[in-house]
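S.K.: Sharing a structure with you now.
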2 protein chains.
Amino acid sequence: MMKIFGHQNPDTDTITSAIVMADLQNALGNPSTAYRLGELNKETAFALDYFKVDTPELLTTVDDQDTVILVDHNEFAQSVAGIEKATPYMVVDHHRVAGFSSSEPLFFRIEPVGCTATILYRMYLENNIEIKPEIAGLMASAIVSDSLLFKSPTCTAFDREVCLKLAQIANIEIETYGLDLLKAGTDLSDLSVDQMLTIDAKVFTMNGISARIAQINTVDIEGVMTRQPDIETEMNNAIAAESLDLFMFVITDIMNSNSQAIVLGDRIDLVEKAFDTTLEQHAAYLPGVVSRKKQIVPPLEKASVS
Amino acid sequence: MMKIFGHQNPDTDTITSAIVMADLQNALGNPSTAYRLGELNKETAFALDYFKVDTPELLTTVDDQDTVILVDHNEFAQSVAGIEKATPYMVVDHHRVAGFSSSEPLFFRIEPVGCTATILYRMYLENNIEIKPEIAGLMASAIVSDSLLFKSPTCTAFDREVCLKLAQIANIEIETYGLDLLKAGTDLSDLSVDQMLTIDAKVFTMNGISARIAQINTVDIEGVMTRQPDIETEMNNAIAAESLDLFMFVITDIMNSNSQAIVLGDRIDLVEKAFDTTLEQHAAYLPGVVSRKKQIVPPLEKASVS
């Protein structure tokens with residue numbers, strides 16, 4: 001039984017891609033089970049509930065007896081504990097390649113598209129496997145989520161085209177469903193500051209610098225910023241506990257496609273350099289920035305080189 | 001203009017895959033040029049001559065102005081100088097994934113098949129591009145070379161099926177042509193010992209251990225072993241010059257599918273452990289072993305863990 005999972009601090013693409021990949025592998029005759037590496041966020045819970053799909057079980061560790069498929073990530077630092085001992089059968093992802101290593105060849109497929117679901121769609125076609133309505137609904141949800149309803153610069157024409165086809169199969173009106181889905185994810189009312197900082201957090205190693213970049217979607221940046229003192233306390237705790245050089249918390253307004261970042265750590269200079277800005281009260285406004293992958297990690301990586 | 005190349009110490013799959021990928025990318029409207037990172041071996045020269053295809057130009061370095069496609073390798077240690085500065089557009093390979101890193105997503109496609117040409121064949125089909133006879137001939141040559149005419153354990157049923165289709169397009173009788181091709185590669189008569197050790201050599205980093213594994217094909221293992229004293233002198237020079245922990249020189253009898261290995265360095269214990277053997281006069285007979293990728297690297301990697 002193959003174990004399939006996305007990254008830590010799971011988002012909609014990571015959870016649904018594990019479920020979808022398990023569906024595809026089972027259809028291909030490879031017995032597989034989807035897992036999650038953490039709690040569902042509200043957006044993902046909304047999608048699973050809407051399409052009446054069960055939540056995958058929690059996976060905390062793998063070992064040398066496990067054959068695994070990684071979806072929506074490839075960096076070991078973002079994966080499950082024990083990943084370096086498991087046998088990887090396949091990786092399907094749309095992020096940069098870093099820190100992955102295998103002793104034998106495997107299926108490893110990265111494409112520079114906006115969403116893992118878009119690649120999975122292609123794989124259904126290539127293998128002539130029919131896409132069931134609820135599977136199509138999950139894949140469409142993933143594309144809406146990763147592309148902020150086609151507004152993110154990570155969204156390609158192909159992502160959009162695939163999403164519209166999937167919406168037809170799933171029998172949803174994509175603008176209406178998509179906005180409901182995104183709004184479900186911006187309900188931060190009962191989140192603790194700690195939860196806000198971990199709900200979508202990834203650690204990146206950039207030329208020896210350890211940077212944690214957390215992101216949260218909202219329709220009300222000001223509302224989140226009223227909690228800045230508590231947020232900074234928690235961020236400083238994390239910097240000490242995880243020996244981070246940099247912690248960047250990105251609060252993204254999904255309606256207007258802008259972000260506010262709170263930045264702490266010894267290497268805040270990298271953020272100032274990467275975005276040609278000066279932090280004020282540990283914060284910077286980043287107009288037009290919504291994509292960690294495309295608009296935050298690459299300039300930070302560049303800034304870390306020199 | 002995109003630069004396309006395979007690994008250092010090029011073999012037939014690496015050279016022909018660069019040429020074939022350039023053909024494919026140009027057909028797709030992406031202006032591209034194929035390069036080589038070293039001298040052609042005799043087998044590859046035979047194939048290019050047979051199908052009347054020009055030898056790619058030598059590439060010694062790339063920089064931050066270059067957009068590149070890596071074929072038949074992904075480990076930076078096996079690539080061109082300056083590779084970490086270039087922008088990778090695509091990787092197509094059939095080896096383990098290790099030591100690769102990019103700051104942005106790219107096309108990255110690894111499949112556990114016997115030959116890069118087999119994946120390229122799939123890409124022609126997926127993109128509906130016609131395969132010209134000389135291109136088919138080069139791809140068939142690569143599969144014959146990597147699979148030792150379908151005898152290597154790395155050869156999958158799909159590699160063989162693809163090779164037979166390509167042979168039809170290229171209008172060759174695969175058994176006859178294949179044996180001629182392999183024999184052209186076993187002509188070691190005018191090779192220096194140094195050339196024998198570099199013609200197909202790769203350096204692997206395994207849990208901190210630096211291991212160089214060189215391989216040569218022959219129909220006469222004994223003939224090569226008569227040069228053992230000179231070979232050992234050169235191997236010891238390389239160990240000192242490159243700070244290697246291990247140098248394994250594998251002499252493969254392509255007719256009978258066996259190998260003899262000469263092993264030197266501080267960590268020869270890894271070879272003894274990996275193959276459950278005791279070296280005698282620095283050498284070990286490895287019955288049935290012909291594939292570095294499938295039968296040498298994985299057991300060595302395992303032995304290096306503890």
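If you're wondering about the labels, chains in the structure tokens are A, B, ... by order shown, residues count from 1 in each chain, ligands from 1 in order shown.
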Mind running a least-squares superposition of chain A onto chain B over all the C-alpha atoms, in order, and reading off the RMSD?

M.R.: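 C-alpha RMSD, chain A fitted to chain B: 0.0 Å.
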
S.K.: Please list as a ChimeraX atom specification every residue within 9 Å of Val62 of chain A, counting only C-alpha atoms and excluding residues in the same chain fewer than 4 positions away.

M.R.: /A:3,66-68,80-86

S.K.: So that I can check the surroundings of segment 163-174 of chain A, please list as a list in words every protein, DNA and RNA residue that reaches within 10 Å of it, counting only C-alpha atoms and ignoring chain neighbours fewer than 4 positions away.

M.R.: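 These residues fall inside the cut-off: Phe51, Ala117, Thr118, Tyr121, Ile131, Lys132, Pro133, Glu134, Ile135, Ala136, Gly137, Leu138, Met139, Ala140, Ser141, Ala142, Ile143, Val144, Leu149, Phe150, Ala157, Phe158, Asp159, Gly178, Leu179, Asp180 and Leu181 of chain A.
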
S.K.: Could you save those same residues with N, CA and C atoms as a PDB file, in the first residue's frame?

M.R.:
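Everything below was put into result.pdb:
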```pdb
ATOM      1  N   PHE A  51     -17.793  18.630  -1.629  1.00  0.00           N
ATOM      2  CA  PHE A  51     -17.797  17.485  -2.555  1.00  0.00           C
ATOM      3  C   PHE A  51     -17.937  16.144  -1.832  1.00  0.00           C
ATOM      4  N   ALA A 117      -2.677  20.197  -9.243  1.00  0.00           N
ATOM      5  CA  ALA A 117      -3.870  19.603  -9.851  1.00  0.00           C
ATOM      6  C   ALA A 117      -3.817  19.680 -11.378  1.00  0.00           C
ATOM      7  N   THR A 118      -3.209  20.730 -11.905  1.00  0.00           N
ATOM      8  CA  THR A 118      -3.113  20.898 -13.352  1.00  0.00           C
ATOM      9  C   THR A 118      -2.270  19.775 -13.970  1.00  0.00           C
ATOM     10  N   TYR A 121      -4.275  16.536 -13.790  1.00  0.00           N
ATOM     11  CA  TYR A 121      -5.268  16.496 -14.870  1.00  0.00           C
ATOM     12  C   TYR A 121      -4.642  15.901 -16.133  1.00  0.00           C
ATOM     13  N   ILE A 131     -12.281  11.106 -15.082  1.00  0.00           N
ATOM     14  CA  ILE A 131     -12.257  11.912 -13.854  1.00  0.00           C
ATOM     15  C   ILE A 131     -13.666  11.989 -13.288  1.00  0.00           C
ATOM     16  N   LYS A 132     -13.862  11.445 -12.076  1.00  0.00           N
ATOM     17  CA  LYS A 132     -15.179  11.472 -11.436  1.00  0.00           C
ATOM     18  C   LYS A 132     -15.521  12.901 -11.010  1.00  0.00           C
ATOM     19  N   PRO A 133     -16.815  13.243 -10.917  1.00  0.00           N
ATOM     20  CA  PRO A 133     -17.211  14.616 -10.597  1.00  0.00           C
ATOM     21  C   PRO A 133     -16.589  15.146  -9.304  1.00  0.00           C
ATOM     22  N   GLU A 134     -16.563  14.336  -8.236  1.00  0.00           N
ATOM     23  CA  GLU A 134     -16.030  14.873  -6.971  1.00  0.00           C
ATOM     24  C   GLU A 134     -14.513  15.063  -7.050  1.00  0.00           C
ATOM     25  N   ILE A 135     -13.843  14.215  -7.838  1.00  0.00           N
ATOM     26  CA  ILE A 135     -12.395  14.380  -8.044  1.00  0.00           C
ATOM     27  C   ILE A 135     -12.141  15.660  -8.850  1.00  0.00           C
ATOM     28  N   ALA A 136     -12.973  15.876  -9.875  1.00  0.00           N
ATOM     29  CA  ALA A 136     -12.862  17.119 -10.661  1.00  0.00           C
ATOM     30  C   ALA A 136     -13.087  18.330  -9.770  1.00  0.00           C
ATOM     31  N   GLY A 137     -14.047  18.226  -8.855  1.00  0.00           N
ATOM     32  CA  GLY A 137     -14.340  19.342  -7.944  1.00  0.00           C
ATOM     33  C   GLY A 137     -13.163  19.661  -7.044  1.00  0.00           C
ATOM     34  N   LEU A 138     -12.495  18.630  -6.551  1.00  0.00           N
ATOM     35  CA  LEU A 138     -11.320  18.855  -5.696  1.00  0.00           C
ATOM     36  C   LEU A 138     -10.194  19.506  -6.492  1.00  0.00           C
ATOM     37  N   MET A 139      -9.996  19.025  -7.734  1.00  0.00           N
ATOM     38  CA  MET A 139      -8.916  19.593  -8.547  1.00  0.00           C
ATOM     39  C   MET A 139      -9.207  21.059  -8.903  1.00  0.00           C
ATOM     40  N   ALA A 140     -10.462  21.351  -9.219  1.00  0.00           N
ATOM     41  CA  ALA A 140     -10.838  22.743  -9.513  1.00  0.00           C
ATOM     42  C   ALA A 140     -10.623  23.606  -8.274  1.00  0.00           C
ATOM     43  N   SER A 141     -10.951  23.066  -7.102  1.00  0.00           N
ATOM     44  CA  SER A 141     -10.751  23.819  -5.846  1.00  0.00           C
ATOM     45  C   SER A 141      -9.276  24.150  -5.655  1.00  0.00           C
ATOM     46  N   ALA A 142      -8.415  23.188  -5.958  1.00  0.00           N
ATOM     47  CA  ALA A 142      -6.976  23.401  -5.803  1.00  0.00           C
ATOM     48  C   ALA A 142      -6.497  24.532  -6.713  1.00  0.00           C
ATOM     49  N   ILE A 143      -6.982  24.531  -7.947  1.00  0.00           N
ATOM     50  CA  ILE A 143      -6.534  25.571  -8.893  1.00  0.00           C
ATOM     51  C   ILE A 143      -7.054  26.945  -8.449  1.00  0.00           C
ATOM     52  N   VAL A 144      -8.308  27.002  -8.023  1.00  0.00           N
ATOM     53  CA  VAL A 144      -8.854  28.273  -7.511  1.00  0.00           C
ATOM     54  C   VAL A 144      -8.012  28.762  -6.338  1.00  0.00           C
ATOM     55  N   LEU A 149      -8.301  32.451  -7.668  1.00  0.00           N
ATOM     56  CA  LEU A 149      -9.279  32.602  -8.753  1.00  0.00           C
ATOM     57  C   LEU A 149      -8.652  33.279  -9.979  1.00  0.00           C
ATOM     58  N   PHE A 150      -7.508  32.705 -10.410  1.00  0.00           N
ATOM     59  CA  PHE A 150      -6.810  33.097 -11.644  1.00  0.00           C
ATOM     60  C   PHE A 150      -6.105  34.457 -11.537  1.00  0.00           C
ATOM     61  N   ALA A 157      -2.205  30.176 -18.455  1.00  0.00           N
ATOM     62  CA  ALA A 157      -3.417  30.015 -19.272  1.00  0.00           C
ATOM     63  C   ALA A 157      -3.912  28.578 -19.197  1.00  0.00           C
ATOM     64  N   PHE A 158      -2.970  27.643 -19.092  1.00  0.00           N
ATOM     65  CA  PHE A 158      -3.340  26.235 -19.047  1.00  0.00           C
ATOM     66  C   PHE A 158      -4.045  25.880 -17.731  1.00  0.00           C
ATOM     67  N   ASP A 159      -3.585  26.466 -16.617  1.00  0.00           N
ATOM     68  CA  ASP A 159      -4.270  26.240 -15.331  1.00  0.00           C
ATOM     69  C   ASP A 159      -5.740  26.649 -15.444  1.00  0.00           C
ATOM     70  N   GLY A 178     -15.801  29.474  -6.487  1.00  0.00           N
ATOM     71  CA  GLY A 178     -14.428  29.884  -6.179  1.00  0.00           C
ATOM     72  C   GLY A 178     -14.372  30.962  -5.114  1.00  0.00           C
ATOM     73  N   LEU A 179     -15.265  31.949  -5.222  1.00  0.00           N
ATOM     74  CA  LEU A 179     -15.271  33.029  -4.236  1.00  0.00           C
ATOM     75  C   LEU A 179     -15.709  32.509  -2.861  1.00  0.00           C
ATOM     76  N   ASP A 180     -16.690  31.608  -2.852  1.00  0.00           N
ATOM     77  CA  ASP A 180     -17.112  30.992  -1.584  1.00  0.00           C
ATOM     78  C   ASP A 180     -15.950  30.229  -0.941  1.00  0.00           C
ATOM     79  N   LEU A 181     -15.212  29.522  -1.793  1.00  0.00           N
ATOM     80  CA  LEU A 181     -14.081  28.727  -1.294  1.00  0.00           C
ATOM     81  C   LEU A 181     -13.012  29.638  -0.682  1.00  0.00           C
TER      82      LEU A 181
END
```

S.K.: Extract, using only C-alpha atoms, all DNA, RNA and protein residues at most 6 Å from segment 191-197 of chain A, discarding same-chain residues fewer than 2 positions from it, and format them as an NGL selection string.

M.R.: :A and (188-189 or 199 or 214 or 231)

S.K.: When you look at Ala283 of chain A with a cut-off of 10 Å (counting only C-alpha atoms), what residues show up, excluding the ones that are within fewer than 5 positions of it in the same chain? I need them as a list in words.

M.R.: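 After dropping sequence-adjacent residues, the list is Met225, Gln228, Met248, Phe249, Val250, Gln260, Ala261, Ile262, Val263, Leu264 and Thr278 of chain A.
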
S.K.: Next, the residues of the selection above should be written as a PDB file, in the first residue's frame with N, CA and C atoms.

M.R.:
```pdb
ATOM      1  N   MET A 225      -3.424  43.160  11.297  1.00  0.00           N
ATOM      2  CA  MET A 225      -2.320  43.975  11.825  1.00  0.00           C
ATOM      3  C   MET A 225      -2.599  44.486  13.245  1.00  0.00           C
ATOM      4  N   GLN A 228      -0.513  42.738  15.680  1.00  0.00           N
ATOM      5  CA  GLN A 228       0.932  42.713  15.413  1.00  0.00           C
ATOM      6  C   GLN A 228       1.803  42.444  16.650  1.00  0.00           C
ATOM      7  N   MET A 248       9.385  35.645   7.897  1.00  0.00           N
ATOM      8  CA  MET A 248       8.592  36.617   7.144  1.00  0.00           C
ATOM      9  C   MET A 248       7.148  36.138   7.169  1.00  0.00           C
ATOM     10  N   PHE A 249       6.268  36.979   7.699  1.00  0.00           N
ATOM     11  CA  PHE A 249       4.850  36.622   7.762  1.00  0.00           C
ATOM     12  C   PHE A 249       4.102  37.513   6.774  1.00  0.00           C
ATOM     13  N   VAL A 250       3.505  36.884   5.777  1.00  0.00           N
ATOM     14  CA  VAL A 250       2.909  37.618   4.671  1.00  0.00           C
ATOM     15  C   VAL A 250       1.385  37.556   4.783  1.00  0.00           C
ATOM     16  N   GLN A 260       0.893  42.650   3.033  1.00  0.00           N
ATOM     17  CA  GLN A 260       1.647  43.323   4.078  1.00  0.00           C
ATOM     18  C   GLN A 260       2.525  42.242   4.712  1.00  0.00           C
ATOM     19  N   ALA A 261       3.809  42.551   4.938  1.00  0.00           N
ATOM     20  CA  ALA A 261       4.681  41.545   5.548  1.00  0.00           C
ATOM     21  C   ALA A 261       5.213  42.043   6.880  1.00  0.00           C
ATOM     22  N   ILE A 262       5.213  41.163   7.868  1.00  0.00           N
ATOM     23  CA  ILE A 262       5.913  41.422   9.123  1.00  0.00           C
ATOM     24  C   ILE A 262       7.188  40.589   9.081  1.00  0.00           C
ATOM     25  N   VAL A 263       8.334  41.237   9.356  1.00  0.00           N
ATOM     26  CA  VAL A 263       9.618  40.577   9.129  1.00  0.00           C
ATOM     27  C   VAL A 263      10.509  40.704  10.355  1.00  0.00           C
ATOM     28  N   LEU A 264      10.992  39.563  10.856  1.00  0.00           N
ATOM     29  CA  LEU A 264      11.893  39.568  12.009  1.00  0.00           C
ATOM     30  C   LEU A 264      13.060  38.611  11.771  1.00  0.00           C
ATOM     31  N   THR A 278      12.357  49.671   2.907  1.00  0.00           N
ATOM     32  CA  THR A 278      12.858  49.806   4.265  1.00  0.00           C
ATOM     33  C   THR A 278      11.736  49.426   5.224  1.00  0.00           C
TER      34      THR A 278
END
```

S.K.: Run DSSP on the backbone of this structure and report the residues of segment 81-299 of chain B it assigns to alpha helix (DSSP H), as a ChimeraX atom specification.

M.R.: /B:116-126,133-147,157-170,174-185,193-198,221-225,228-242,268-274,297-299

S.K.: Within 10 Å of chain A, which residues of chain B show up when using only C-alpha atoms, listed as a PyMOL selection string?

M.R.: chain B and resi 75+89-114+126+206+293-294+297-302

S.K.: Those same residues, written as a tab-separated table (two decimals), in the first residue's frame with N, CA, C and O atoms?

M.R.:
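Listing of result.tsv after writing:
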```tsv
chain	number	residue	atom	x	y	z
B	75	GLU	N	22.56	15.71	-11.59
B	75	GLU	CA	23.47	16.06	-10.51
B	75	GLU	C	24.45	17.13	-10.99
B	75	GLU	O	25.13	16.93	-11.99
B	89	TYR	N	15.79	25.46	-17.69
B	89	TYR	CA	14.44	25.48	-18.27
B	89	TYR	C	13.81	24.10	-18.15
B	89	TYR	O	12.61	23.97	-17.93
B	90	MET	N	14.65	23.08	-18.29
B	90	MET	CA	14.12	21.72	-18.30
B	90	MET	C	15.21	20.72	-17.96
B	90	MET	O	16.38	20.94	-18.25
B	91	VAL	N	14.79	19.63	-17.31
B	91	VAL	CA	15.67	18.48	-17.06
B	91	VAL	C	14.91	17.24	-17.51
B	91	VAL	O	13.76	17.05	-17.12
B	92	VAL	N	15.54	16.42	-18.36
B	92	VAL	CA	14.94	15.12	-18.72
B	92	VAL	C	16.01	14.06	-18.49
B	92	VAL	O	17.10	14.14	-19.05
B	93	ASP	N	15.68	13.09	-17.64
B	93	ASP	CA	16.73	12.18	-17.19
B	93	ASP	C	16.11	10.87	-16.71
B	93	ASP	O	14.90	10.77	-16.49
B	94	HIS	N	16.99	9.87	-16.53
B	94	HIS	CA	16.53	8.56	-16.03
B	94	HIS	C	17.43	8.07	-14.90
B	94	HIS	O	17.52	6.86	-14.68
B	95	HIS	N	18.10	9.00	-14.21
B	95	HIS	CA	18.96	8.63	-13.09
B	95	HIS	C	18.34	9.06	-11.76
B	95	HIS	O	17.34	9.76	-11.74
B	96	ARG	N	19.00	8.65	-10.67
B	96	ARG	CA	18.58	9.12	-9.35
B	96	ARG	C	18.61	10.65	-9.31
B	96	ARG	O	19.35	11.27	-10.08
B	97	VAL	N	17.84	11.23	-8.41
B	97	VAL	CA	17.83	12.69	-8.26
B	97	VAL	C	18.69	13.04	-7.06
B	97	VAL	O	18.47	12.52	-5.96
B	98	ALA	N	19.69	13.91	-7.27
B	98	ALA	CA	20.57	14.28	-6.15
B	98	ALA	C	21.34	15.53	-6.51
B	98	ALA	O	21.82	15.69	-7.62
B	99	GLY	N	21.44	16.43	-5.56
B	99	GLY	CA	22.30	17.59	-5.73
B	99	GLY	C	21.80	18.60	-6.74
B	99	GLY	O	22.52	19.48	-7.16
B	100	PHE	N	20.53	18.48	-7.13
B	100	PHE	CA	19.97	19.48	-8.05
B	100	PHE	C	19.22	20.52	-7.23
B	100	PHE	O	18.55	20.19	-6.26
B	101	SER	N	19.31	21.76	-7.64
B	101	SER	CA	18.51	22.77	-6.97
B	101	SER	C	18.26	23.94	-7.89
B	101	SER	O	19.10	24.30	-8.71
B	102	SER	N	17.04	24.48	-7.83
B	102	SER	CA	16.66	25.62	-8.66
B	102	SER	C	15.95	26.61	-7.77
B	102	SER	O	15.37	26.23	-6.76
B	103	SER	N	15.98	27.90	-8.15
B	103	SER	CA	15.24	28.86	-7.33
B	103	SER	C	13.81	29.01	-7.80
B	103	SER	O	12.96	29.50	-7.08
B	104	GLU	N	13.53	28.57	-9.03
B	104	GLU	CA	12.17	28.66	-9.55
B	104	GLU	C	11.72	27.32	-10.13
B	104	GLU	O	12.55	26.48	-10.46
B	105	PRO	N	10.41	27.13	-10.24
B	105	PRO	CA	9.93	25.88	-10.84
B	105	PRO	C	10.39	25.78	-12.29
B	105	PRO	O	10.62	26.79	-12.96
B	106	LEU	N	10.52	24.55	-12.76
B	106	LEU	CA	10.95	24.31	-14.13
B	106	LEU	C	10.29	23.01	-14.60
B	106	LEU	O	9.53	22.42	-13.86
B	107	PHE	N	10.56	22.62	-15.84
B	107	PHE	CA	10.16	21.28	-16.26
B	107	PHE	C	11.23	20.31	-15.80
B	107	PHE	O	12.40	20.47	-16.17
B	108	PHE	N	10.84	19.34	-15.01
B	108	PHE	CA	11.81	18.39	-14.46
B	108	PHE	C	11.18	17.03	-14.58
B	108	PHE	O	10.17	16.76	-13.95
B	109	ARG	N	11.74	16.20	-15.44
B	109	ARG	CA	11.08	14.94	-15.72
B	109	ARG	C	12.07	13.78	-15.65
B	109	ARG	O	12.97	13.67	-16.48
B	110	ILE	N	11.89	12.97	-14.64
B	110	ILE	CA	12.71	11.78	-14.47
B	110	ILE	C	11.76	10.59	-14.57
B	110	ILE	O	10.69	10.60	-13.98
B	111	GLU	N	12.15	9.57	-15.33
B	111	GLU	CA	11.37	8.34	-15.33
B	111	GLU	C	12.34	7.17	-15.16
B	111	GLU	O	13.45	7.20	-15.66
B	112	PRO	N	11.89	6.14	-14.43
B	112	PRO	CA	12.79	5.01	-14.16
B	112	PRO	C	12.85	4.04	-15.34
B	112	PRO	O	12.51	2.87	-15.21
B	113	VAL	N	13.26	4.54	-16.49
B	113	VAL	CA	13.42	3.70	-17.68
B	113	VAL	C	14.91	3.55	-17.97
B	113	VAL	O	15.75	4.14	-17.29
B	114	GLY	N	15.23	2.78	-19.00
B	114	GLY	CA	16.62	2.44	-19.24
B	114	GLY	C	17.43	3.50	-19.95
B	114	GLY	O	18.66	3.41	-20.00
B	126	GLU	N	3.77	13.02	-27.36
B	126	GLU	CA	2.89	13.94	-26.62
B	126	GLU	C	2.72	15.26	-27.35
B	126	GLU	O	1.68	15.90	-27.26
B	206	MET	N	28.01	10.19	-1.67
B	206	MET	CA	27.11	9.29	-0.94
B	206	MET	C	27.34	9.47	0.54
B	206	MET	O	28.32	8.98	1.10
B	293	LYS	N	24.23	2.13	-12.64
B	293	LYS	CA	23.09	2.80	-12.03
B	293	LYS	C	22.26	1.87	-11.16
B	293	LYS	O	21.82	2.25	-10.08
B	294	LYS	N	22.05	0.67	-11.64
B	294	LYS	CA	21.11	-0.22	-10.96
B	294	LYS	C	21.81	-1.24	-10.06
B	294	LYS	O	21.25	-1.67	-9.07
B	297	VAL	N	25.65	1.63	-7.91
B	297	VAL	CA	25.40	2.79	-7.06
B	297	VAL	C	24.46	2.48	-5.87
B	297	VAL	O	24.79	2.81	-4.73
B	298	PRO	N	23.29	1.83	-6.09
B	298	PRO	CA	22.41	1.60	-4.94
B	298	PRO	C	23.04	0.77	-3.81
B	298	PRO	O	22.98	1.18	-2.65
B	299	PRO	N	23.69	-0.39	-4.10
B	299	PRO	CA	24.32	-1.10	-2.97
B	299	PRO	C	25.44	-0.31	-2.30
B	299	PRO	O	25.60	-0.37	-1.08
B	300	LEU	N	26.20	0.46	-3.08
B	300	LEU	CA	27.26	1.28	-2.48
B	300	LEU	C	26.64	2.35	-1.58
B	300	LEU	O	27.13	2.63	-0.49
B	301	GLU	N	25.56	2.96	-2.08
B	301	GLU	CA	24.88	4.00	-1.30
B	301	GLU	C	24.39	3.41	0.02
B	301	GLU	O	24.54	4.02	1.08
B	302	LYS	N	23.82	2.20	-0.06
B	302	LYS	CA	23.34	1.55	1.17
B	302	LYS	C	24.50	1.27	2.12
B	302	LYS	O	24.41	1.53	3.32
```

S.K.: DSSP on the backbone, then: every residue of segment 1-88 of chain A marked strand (DSSP E or B), written as a list in words.

M.R.: Met2, Lys3, Ile4, Phe5, Ser32, Thr33, Ala34, Tyr35, Arg36, Glu57, Leu58, Thr61, Thr67, Val68, Ile69, Leu70, Val71, Ala81, Thr87 and Pro88 of chain A

S.K.: Using atom CA of Asp190 of chain A and atom CA of Leu148 of chain A as the two end points, give the distance in Å to one decimal.

M.R.: 22.5 Å

S.K.: What is the distance between atom CA of Asn217 of chain B and atom CA of Asp72 of chain B, in Å to one decimal?

M.R.: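 Straight-line distance from atom CA of Asn217 of chain B to atom CA of Asp72 of chain B works out to 19.1 Å.
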
S.K.: For segment 251-256 of chain B, please output as a ChimeraX atom specification all residues within 8 Å (counting only C-alpha atoms; exclusion window: fewer than 6 positions along the same chain).

M.R.: /B:148,215-221,224,289-290

S.K.: Mind checking which residues fall within 9 Å of Leu270 of chain A, counting only C-alpha atoms, ignoring those fewer than 3 positions away in the same chain, and posting them as a list in words?

M.R.: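 My list of contacting residues is Leu246, Arg267, Lys273, Ala274, Phe275, Pro299, Leu300, Glu301, Ala303 and Ser304 of chain A.
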
S.K.: Write a file of the selected residues as a PDB file, in the first residue's frame, keeping N, CA and C atoms.

M.R.:
```pdb
ATOM      1  N   LEU A 246      15.612  34.205   9.532  1.00  0.00           N
ATOM      2  CA  LEU A 246      14.617  35.136   9.015  1.00  0.00           C
ATOM      3  C   LEU A 246      13.230  34.517   9.158  1.00  0.00           C
ATOM      4  N   ARG A 267      18.412  38.439   9.656  1.00  0.00           N
ATOM      5  CA  ARG A 267      18.652  38.738   8.253  1.00  0.00           C
ATOM      6  C   ARG A 267      17.467  39.464   7.577  1.00  0.00           C
ATOM      7  N   LYS A 273      16.534  44.225   0.877  1.00  0.00           N
ATOM      8  CA  LYS A 273      17.269  44.192  -0.383  1.00  0.00           C
ATOM      9  C   LYS A 273      16.392  43.585  -1.497  1.00  0.00           C
ATOM     10  N   ALA A 274      15.732  42.485  -1.192  1.00  0.00           N
ATOM     11  CA  ALA A 274      14.950  41.766  -2.210  1.00  0.00           C
ATOM     12  C   ALA A 274      13.817  42.627  -2.745  1.00  0.00           C
ATOM     13  N   PHE A 275      13.193  43.432  -1.866  1.00  0.00           N
ATOM     14  CA  PHE A 275      12.025  44.211  -2.290  1.00  0.00           C
ATOM     15  C   PHE A 275      12.325  45.702  -2.373  1.00  0.00           C
ATOM     16  N   PRO A 299      13.226  36.427  -5.324  1.00  0.00           N
ATOM     17  CA  PRO A 299      14.044  37.597  -4.960  1.00  0.00           C
ATOM     18  C   PRO A 299      14.823  37.412  -3.648  1.00  0.00           C
ATOM     19  N   LEU A 300      14.232  36.696  -2.682  1.00  0.00           N
ATOM     20  CA  LEU A 300      14.964  36.440  -1.433  1.00  0.00           C
ATOM     21  C   LEU A 300      16.179  35.564  -1.700  1.00  0.00           C
ATOM     22  N   GLU A 301      15.975  34.549  -2.540  1.00  0.00           N
ATOM     23  CA  GLU A 301      17.081  33.646  -2.883  1.00  0.00           C
ATOM     24  C   GLU A 301      18.207  34.445  -3.557  1.00  0.00           C
ATOM     25  N   ALA A 303      18.801  37.649  -3.222  1.00  0.00           N
ATOM     26  CA  ALA A 303      19.414  38.532  -2.229  1.00  0.00           C
ATOM     27  C   ALA A 303      20.370  37.762  -1.319  1.00  0.00           C
ATOM     28  N   SER A 304      20.101  36.467  -1.133  1.00  0.00           N
ATOM     29  CA  SER A 304      20.923  35.671  -0.212  1.00  0.00           C
ATOM     30  C   SER A 304      22.249  35.239  -0.817  1.00  0.00           C
TER      31      SER A 304
END
```

S.K.: Restricting the calculation to only C-alpha atoms: of A:Ala45, A:Ala77, A:Ile15, A:Leu125, which residue gets closest to Thr205 of chain A?

M.R.: A:Ala77
